[in-house]
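J.: Please find my_file22.tsv (TSV, C-alpha atoms) on the next line:
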chain	number	residue	atom	x	y	z
A	1	MET	CA	-2.77	-2.20	7.72
A	2	TYR	CA	-3.08	-3.76	11.15
A	3	SER	CA	-0.11	-3.93	13.50
A	4	ASP	CA	1.06	-7.19	15.04
A	5	HIS	CA	-0.22	-5.94	18.39
A	6	ASP	CA	-3.71	-5.35	16.97
A	7	LEU	CA	-3.79	-8.79	15.35
A	8	LYS	CA	-2.65	-10.47	18.57
A	9	ASN	CA	-5.38	-8.68	20.53
A	10	LEU	CA	-7.99	-9.65	17.96
A	11	ASN	CA	-6.81	-13.27	18.00
A	12	ARG	CA	-6.89	-13.29	21.82
A	13	SER	CA	-10.43	-11.88	21.82
A	14	LEU	CA	-11.65	-14.46	19.29
A	15	ARG	CA	-10.15	-17.32	21.28
A	16	ALA	CA	-11.75	-16.01	24.48
A	17	TYR	CA	-15.11	-15.81	22.73
A	18	GLU	CA	-14.74	-19.34	21.36
A	19	ARG	CA	-13.89	-20.63	24.85
A	20	LEU	CA	-16.94	-18.87	26.29
A	21	PHE	CA	-19.13	-20.33	23.54
A	22	PHE	CA	-17.79	-23.82	24.24
A	23	GLN	CA	-18.23	-23.45	28.01
A	24	THR	CA	-21.77	-22.12	27.56
A	25	ARG	CA	-22.73	-25.01	25.29
A	26	LEU	CA	-21.16	-27.55	27.64
A	27	LEU	CA	-22.98	-26.06	30.64
A	28	THR	CA	-26.26	-26.06	28.69
A	29	THR	CA	-25.79	-29.76	27.90
A	30	LEU	CA	-25.05	-30.56	31.54
A	31	ILE	CA	-28.06	-28.62	32.78
A	32	GLU	CA	-30.30	-30.22	30.18
A	33	THR	CA	-29.12	-33.67	31.27
A	34	ASN	CA	-29.63	-32.77	34.91
A	35	LEU	CA	-33.17	-31.52	34.18
A	36	ARG	CA	-33.94	-34.80	32.42
A	37	PHE	CA	-33.07	-36.87	35.48
A	38	THR	CA	-33.96	-34.53	38.33
A	39	SER	CA	-36.28	-31.59	38.92
A	40	LEU	CA	-36.07	-27.88	38.26
A	41	LYS	CA	-35.71	-27.30	41.99
A	42	THR	CA	-32.74	-29.69	42.20
A	43	THR	CA	-31.13	-28.12	39.14
A	44	GLU	CA	-31.48	-24.62	40.57
A	45	LYS	CA	-30.03	-25.82	43.87
A	46	LEU	CA	-27.06	-27.36	42.02
A	47	LEU	CA	-26.43	-24.11	40.16
A	48	SER	CA	-26.61	-22.16	43.42
A	49	PHE	CA	-23.58	-24.09	44.71
A	50	PHE	CA	-21.51	-22.48	41.96
A	51	SER	CA	-22.90	-18.98	42.25
A	52	LYS	CA	-20.90	-16.15	43.72
A	53	ILE	CA	-21.78	-12.75	45.07
A	54	VAL	CA	-20.59	-10.06	42.71
A	55	PRO	CA	-21.49	-6.37	42.71
A	56	PRO	CA	-23.57	-5.31	39.71
A	57	PRO	CA	-21.55	-3.79	36.87
A	58	ASP	CA	-22.14	-0.30	35.54
A	59	TYR	CA	-24.76	0.25	32.84
A	60	ASN	CA	-22.38	0.13	29.86
A	61	THR	CA	-20.71	-3.07	31.05
A	62	THR	CA	-24.13	-4.62	31.65
A	63	VAL	CA	-25.17	-3.84	28.07
A	64	VAL	CA	-21.97	-5.41	26.70
A	65	ILE	CA	-22.39	-8.56	28.81
A	66	LEU	CA	-26.06	-8.94	27.87
A	67	ASP	CA	-25.20	-8.51	24.19
A	68	LYS	CA	-22.38	-11.06	24.41
A	69	TYR	CA	-24.57	-13.75	25.97
A	70	ALA	CA	-27.53	-13.00	23.71
A	71	THR	CA	-25.19	-13.44	20.72
A	72	ILE	CA	-23.86	-16.75	22.04
A	73	PHE	CA	-27.34	-18.19	22.65
A	74	ASN	CA	-28.56	-16.94	19.25
A	75	GLN	CA	-25.61	-18.69	17.60
A	76	MET	CA	-26.39	-21.89	19.49
A	77	ASN	CA	-29.99	-21.70	18.30
A	78	GLN	CA	-28.87	-21.44	14.68
A	79	LEU	CA	-27.19	-24.84	14.92
A	80	THR	CA	-29.83	-27.46	15.66
A	81	PHE	CA	-27.35	-29.98	17.06
A	82	LEU	CA	-26.08	-27.39	19.59
A	83	LYS	CA	-29.44	-26.04	20.58
A	84	GLY	CA	-30.72	-26.77	24.06
A	85	ARG	CA	-34.26	-26.51	25.26
A	86	CYS	CA	-35.57	-23.12	26.34
A	87	LEU	CA	-35.52	-23.98	30.04
A	88	SER	CA	-31.93	-25.20	30.07
A	89	GLN	CA	-30.78	-22.20	28.03
A	90	SER	CA	-32.63	-19.78	30.31
A	91	LEU	CA	-31.19	-21.38	33.45
A	92	VAL	CA	-27.67	-21.28	32.05
A	93	MET	CA	-27.97	-17.69	30.88
A	94	ARG	CA	-29.40	-16.63	34.26
A	95	PHE	CA	-26.54	-18.44	36.02
A	96	LEU	CA	-23.86	-16.85	33.81
A	97	LEU	CA	-25.38	-13.39	34.19
A	98	SER	CA	-25.62	-13.75	37.97
A	99	ARG	CA	-21.91	-14.63	38.09
A	100	LYS	CA	-21.31	-11.26	36.43
A	101	GLY	CA	-23.54	-9.47	38.96
A	102	ILE	CA	-26.57	-9.10	36.67
A	103	SER	CA	-29.90	-10.25	38.05
A	104	SER	CA	-32.68	-11.60	35.84
A	105	GLU	CA	-36.02	-13.32	36.28
A	106	LEU	CA	-36.92	-16.71	34.89
A	107	LYS	CA	-40.37	-16.62	33.32
A	108	ILE	CA	-42.34	-19.71	32.43
A	109	GLY	CA	-45.41	-19.47	30.23
A	110	VAL	CA	-48.01	-21.91	28.99
A	111	SER	CA	-50.27	-21.96	25.96
A	112	GLN	CA	-52.85	-24.21	24.38
A	113	SER	CA	-53.48	-24.23	20.66
A	114	LYS	CA	-55.56	-26.73	18.70
A	115	GLY	CA	-55.77	-28.98	21.75
A	116	ARG	CA	-52.00	-29.01	22.20
A	117	PHE	CA	-50.46	-27.83	25.47
A	118	ASP	CA	-47.09	-26.08	25.29
A	119	ALA	CA	-44.74	-24.47	27.81
A	120	HIS	CA	-41.86	-22.05	27.26
A	121	ALA	CA	-39.19	-20.42	29.42
A	122	TRP	CA	-37.31	-17.15	28.96
A	123	LEU	CA	-35.46	-14.48	30.92
A	124	GLU	CA	-36.37	-10.91	31.64
A	125	LYS	CA	-34.52	-8.10	33.35
A	126	GLU	CA	-36.72	-5.33	34.69
A	127	GLY	CA	-39.43	-6.31	32.22
A	128	VAL	CA	-37.06	-6.41	29.22
A	129	LEU	CA	-36.85	-9.69	27.33
A	130	LEU	CA	-33.28	-11.05	27.28
A	131	ASN	CA	-33.16	-14.32	25.39
A	132	ASP	CA	-36.19	-14.49	23.15
A	133	HIS	CA	-38.25	-12.48	20.71
A	134	PRO	CA	-41.51	-10.80	21.78
A	135	SER	CA	-43.40	-12.55	18.97
A	136	VAL	CA	-42.39	-15.94	20.40
A	137	ILE	CA	-43.68	-15.29	23.91
A	138	ALA	CA	-46.77	-13.35	22.84
A	139	ASN	CA	-49.00	-16.44	22.85
A	140	TYR	CA	-47.90	-17.67	26.29
A	141	PHE	CA	-49.68	-17.00	29.55
A	142	VAL	CA	-46.98	-16.21	32.11
A	143	LEU	CA	-47.39	-18.24	35.26
A	144	PRO	CA	-47.33	-15.97	38.32
A	145	GLU	CA	-44.07	-16.40	40.22
A	146	GLY	CA	-45.71	-16.97	43.62
A	147	LYS	CA	-48.09	-19.54	42.17
A	148	LEU	CA	-45.31	-21.15	40.15
A	149	ASN	CA	-43.16	-21.59	43.25
A	150	SER	CA	-45.96	-23.20	45.21
A	151	VAL	CA	-47.02	-25.52	42.37
A	152	LEU	CA	-43.50	-26.60	41.42
A	153	LYS	CA	-42.14	-26.20	44.97
A	154	PHE	CA	-39.15	-24.06	43.95
A	155	LYS	CA	-38.65	-22.73	47.46
Since I need it in another form, could you write the structure as C-alpha coordinates?
T.:
Amino acid sequence: MYSDHDLKNLNRSLRAYERLFFQTRLLTTLIETNLRFTSLKTTEKLLSFFSKIVPPPDYNTTVVILDKYATIFNQMNQLTFLKGRCLSQSLVMRFLLSRKGISSELKIGVSQSKGRFDAHAWLEKEGVLLNDHPSVIANYFVLPEGKLNSVLKFK
(Lines of atoms letter the chains of each structure in order from A and count residues from 1; the text may use other names and numbers.)
(Lines give C-alpha, C1' and ligand atoms only; values in the text may rest on other atoms or scores of the structure.)
Protein backbone atom coordinates (compact mmCIF):
# COMPACT_ATOMS: atom_id res chain seq x y z
CA MET A 1 0.00 0.00 0.00
CA TYR A 2 1.09 3.58 -0.55
CA SER A 3 1.99 5.82 2.36
CA ASP A 4 0.35 9.21 2.88
CA HIS A 5 3.64 10.83 1.93
CA ASP A 6 3.75 8.96 -1.39
CA LEU A 7 0.15 9.89 -2.18
CA LYS A 8 0.78 13.55 -1.35
CA ASN A 9 3.82 13.61 -3.63
CA LEU A 10 1.87 11.95 -6.43
CA ASN A 11 -1.00 14.41 -5.99
CA ARG A 12 1.44 17.34 -6.01
CA SER A 13 3.08 16.04 -9.20
CA LEU A 14 -0.27 15.59 -10.95
CA ARG A 15 -1.38 19.10 -10.02
CA ALA A 16 1.92 20.53 -11.27
CA TYR A 17 1.50 18.67 -14.55
CA GLU A 18 -2.09 19.91 -14.92
CA ARG A 19 -0.94 23.49 -14.28
CA LEU A 20 1.80 23.13 -16.89
CA PHE A 21 -0.70 21.69 -19.38
CA PHE A 22 -3.09 24.60 -18.76
CA GLN A 23 -0.31 27.20 -19.05
CA THR A 24 0.98 25.60 -22.25
CA ARG A 25 -2.49 25.58 -23.81
CA LEU A 26 -3.13 29.16 -22.74
CA LEU A 27 0.21 30.31 -24.17
CA THR A 28 -0.51 28.44 -27.42
CA THR A 29 -3.86 30.23 -27.72
CA LEU A 30 -2.24 33.61 -27.08
CA ILE A 31 0.50 32.98 -29.62
CA GLU A 32 -2.00 31.74 -32.19
CA THR A 33 -4.07 34.89 -31.70
CA ASN A 34 -0.97 37.05 -31.96
CA LEU A 35 0.07 35.30 -35.19
CA ARG A 36 -3.39 35.93 -36.63
CA PHE A 37 -3.11 39.69 -36.13
CA THR A 38 0.63 40.29 -36.50
CA SER A 39 3.58 38.61 -38.17
CA LEU A 40 5.90 35.78 -37.23
CA LYS A 41 8.67 38.31 -36.69
CA THR A 42 6.53 40.33 -34.26
CA THR A 43 5.47 37.17 -32.42
CA GLU A 44 9.07 36.01 -32.04
CA LYS A 45 10.05 39.47 -30.80
CA LEU A 46 7.22 39.37 -28.24
CA LEU A 47 8.35 35.96 -27.00
CA SER A 48 11.94 37.20 -26.73
CA PHE A 49 10.83 39.77 -24.13
CA PHE A 50 9.93 36.89 -21.82
CA SER A 51 12.96 34.73 -22.49
CA LYS A 52 15.69 34.30 -19.93
CA ILE A 53 19.25 33.07 -20.09
CA VAL A 54 19.55 29.69 -18.43
CA PRO A 55 22.46 27.26 -18.57
CA PRO A 56 21.66 24.05 -20.45
CA PRO A 57 20.64 21.15 -18.21
CA ASP A 58 22.49 17.85 -18.12
CA TYR A 59 21.59 15.13 -20.62
CA ASN A 60 19.19 13.20 -18.36
CA THR A 61 17.30 16.34 -17.35
CA THR A 62 17.08 17.37 -20.99
CA VAL A 63 15.53 14.03 -21.92
CA VAL A 64 12.95 14.34 -19.13
CA ILE A 65 12.02 17.90 -20.13
CA LEU A 66 11.74 17.00 -23.82
CA ASP A 67 9.55 14.01 -22.95
CA LYS A 68 7.32 16.12 -20.69
CA TYR A 69 6.68 18.76 -23.35
CA ALA A 70 6.26 16.21 -26.14
CA THR A 71 3.63 14.47 -23.99
CA ILE A 72 1.79 17.73 -23.32
CA PHE A 73 1.67 18.70 -27.00
CA ASN A 74 0.62 15.17 -28.01
CA GLN A 75 -2.23 15.36 -25.50
CA MET A 76 -3.29 18.74 -26.87
CA ASN A 77 -3.32 17.29 -30.38
CA GLN A 78 -5.64 14.49 -29.30
CA LEU A 79 -8.30 17.02 -28.33
CA THR A 80 -9.36 18.93 -31.42
CA PHE A 81 -10.74 21.89 -29.47
CA LEU A 82 -7.39 22.33 -27.67
CA LYS A 83 -5.19 21.85 -30.67
CA GLY A 84 -3.29 24.83 -32.02
CA ARG A 85 -1.74 25.17 -35.41
CA CYS A 86 1.70 23.70 -36.00
CA LEU A 87 3.43 27.08 -36.06
CA SER A 88 1.95 28.30 -32.78
CA GLN A 89 2.70 24.97 -31.09
CA SER A 90 6.28 24.96 -32.37
CA LEU A 91 6.86 28.55 -31.24
CA VAL A 92 5.45 27.82 -27.79
CA MET A 93 7.44 24.62 -27.39
CA ARG A 94 10.64 26.37 -28.52
CA PHE A 95 9.95 29.19 -26.05
CA LEU A 96 9.28 26.81 -23.14
CA LEU A 97 12.37 24.73 -23.93
CA SER A 98 14.56 27.82 -24.17
CA ARG A 99 13.37 28.90 -20.71
CA LYS A 100 14.73 25.56 -19.48
CA GLY A 101 18.06 26.12 -21.26
CA ILE A 102 17.36 23.78 -24.20
CA SER A 103 17.94 25.17 -27.67
CA SER A 104 15.96 24.01 -30.70
CA GLU A 105 15.50 25.06 -34.30
CA LEU A 106 12.22 26.03 -35.89
CA LYS A 107 11.84 24.37 -39.28
CA ILE A 108 9.28 25.42 -41.84
CA GLY A 109 8.55 23.23 -44.84
CA VAL A 110 6.35 23.52 -47.89
CA SER A 111 4.74 20.97 -50.17
CA GLN A 112 2.46 20.89 -53.17
CA SER A 113 0.16 17.98 -53.86
CA LYS A 114 -2.63 17.82 -56.43
CA GLY A 115 -2.32 21.56 -57.03
CA ARG A 116 -2.67 22.36 -53.34
CA PHE A 117 0.06 24.29 -51.54
CA ASP A 118 0.70 23.44 -47.89
CA ALA A 119 3.14 24.62 -45.22
CA HIS A 120 4.12 23.00 -41.93
CA ALA A 121 6.29 23.93 -38.95
CA TRP A 122 8.14 21.72 -36.46
CA LEU A 123 11.09 21.75 -34.08
CA GLU A 124 14.38 19.93 -34.25
CA LYS A 125 17.27 19.68 -31.84
CA GLU A 126 20.57 18.69 -33.42
CA GLY A 127 18.69 17.11 -36.32
CA VAL A 128 16.30 15.16 -34.06
CA LEU A 129 12.59 15.81 -34.55
CA LEU A 130 10.96 17.04 -31.32
CA ASN A 131 7.28 17.68 -31.89
CA ASP A 132 6.20 15.72 -34.93
CA HIS A 133 6.48 12.35 -36.59
CA PRO A 134 8.96 11.72 -39.43
CA SER A 135 6.15 10.46 -41.68
CA VAL A 136 4.37 13.82 -41.34
CA ILE A 137 7.32 15.94 -42.42
CA ALA A 138 8.60 13.54 -45.08
CA ASN A 139 6.65 15.25 -47.87
CA TYR A 140 7.77 18.78 -46.99
CA PHE A 141 10.65 20.65 -48.54
CA VAL A 142 12.45 22.42 -45.69
CA LEU A 143 13.03 26.07 -46.45
CA PRO A 144 16.68 26.99 -45.88
CA GLU A 145 17.05 29.09 -42.74
CA GLY A 146 19.08 31.86 -44.40
CA LYS A 147 16.61 32.10 -47.27
CA LEU A 148 13.66 31.90 -44.90
CA ASN A 149 14.97 34.80 -42.83
CA SER A 150 15.48 37.00 -45.87
CA VAL A 151 12.09 36.16 -47.41
CA LEU A 152 10.10 36.53 -44.20
CA LYS A 153 12.46 39.15 -42.72
CA PHE A 154 12.92 37.35 -39.39
CA LYS A 155 16.09 39.27 -38.58
J.: Tell me which of A:Ile72, A:Leu130, A:Leu66, A:Leu35 sits closest to Phe21 in chain A, counting only C-alpha atoms.
T.: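 Using only C-alpha atoms, Phe21 in chain A sits closest to A:Ile72.
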J.: Please report the interatomic distance between CA of Asp118 in chain A and CA of Ile102 in chain A in Å with one decimal.
T.: 29.0 Å
J.: Can you list, as a VMD selection string, every protein, DNA or RNA residue that comes within 10 Å of Ile137 in chain A when you count only C-alpha atoms, leaving out same-chain residues fewer than 3 positions away?
T.: chain A and resid 108 to 111 120 to 122 129 132 to 134 140 to 142
J.: Fewer than 4 positions away in the same chain doesn't count, so skip those; otherwise give me all residues within 9 Å of Ser90 in chain A, counting only C-alpha atoms, as a ChimeraX atom specification.
T.: /A:85-86,94-95,106-107,121-123,131
J.: Please indicate the distance in Å from CA of Pro57 in chain A to CA of Gly101 in chain A, rounded to one decimal place.
T.: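 Separation of CA of Pro57 in chain A and CA of Gly101 in chain A: 6.4 Å.
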J.: Grab the CA of Val136 in chain A to CA of Leu27 in chain A distance for me, in Å with one decimal place.
T.: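 Separation between CA of Val136 in chain A and CA of Leu27 in chain A: 24.2 Å.
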J.: Kindly indicate which residue among A:Thr33, A:Lys52, A:Thr38, A:Arg25 lies nearest to Asn74 in chain A, using only C-alpha atoms for the distances.
T.: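 Distance minimum relative to Asn74 in chain A lands on A:Arg25.
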J.: What's the 10 Å shell around Val92 in chain A, counting all atoms listed in the file, without same-chain residues fewer than 3 positions away, as a ChimeraX atom specification?
T.: /A:24-25,27-32,44,47,73,86-89,95-98
J.: Hey, could you pull the box centre and edge lengths for range 112-123 of chain A, axis-aligned, 5 Å padding per side, all listed atoms, to one decimal in Å, as JSON?
T.:
{"center_x": -45.6, "center_y": -21.7, "center_z": 24.8, "size_x": 30.3, "size_y": 24.5, "size_z": 22.2}
J.: Find the spatial neighbours of Ile65 in chain A, counting all atoms listed in the file, within a cut-off of 9 Å - ignore same-chain residues fewer than 3 positions away - and output them as a list in words.
T.: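 Using all atoms listed in the file, the neighbours found are Asn60, Thr61, Thr62, Lys68, Tyr69, Ala70, Leu97, Lys100 and Ile102 of chain A.
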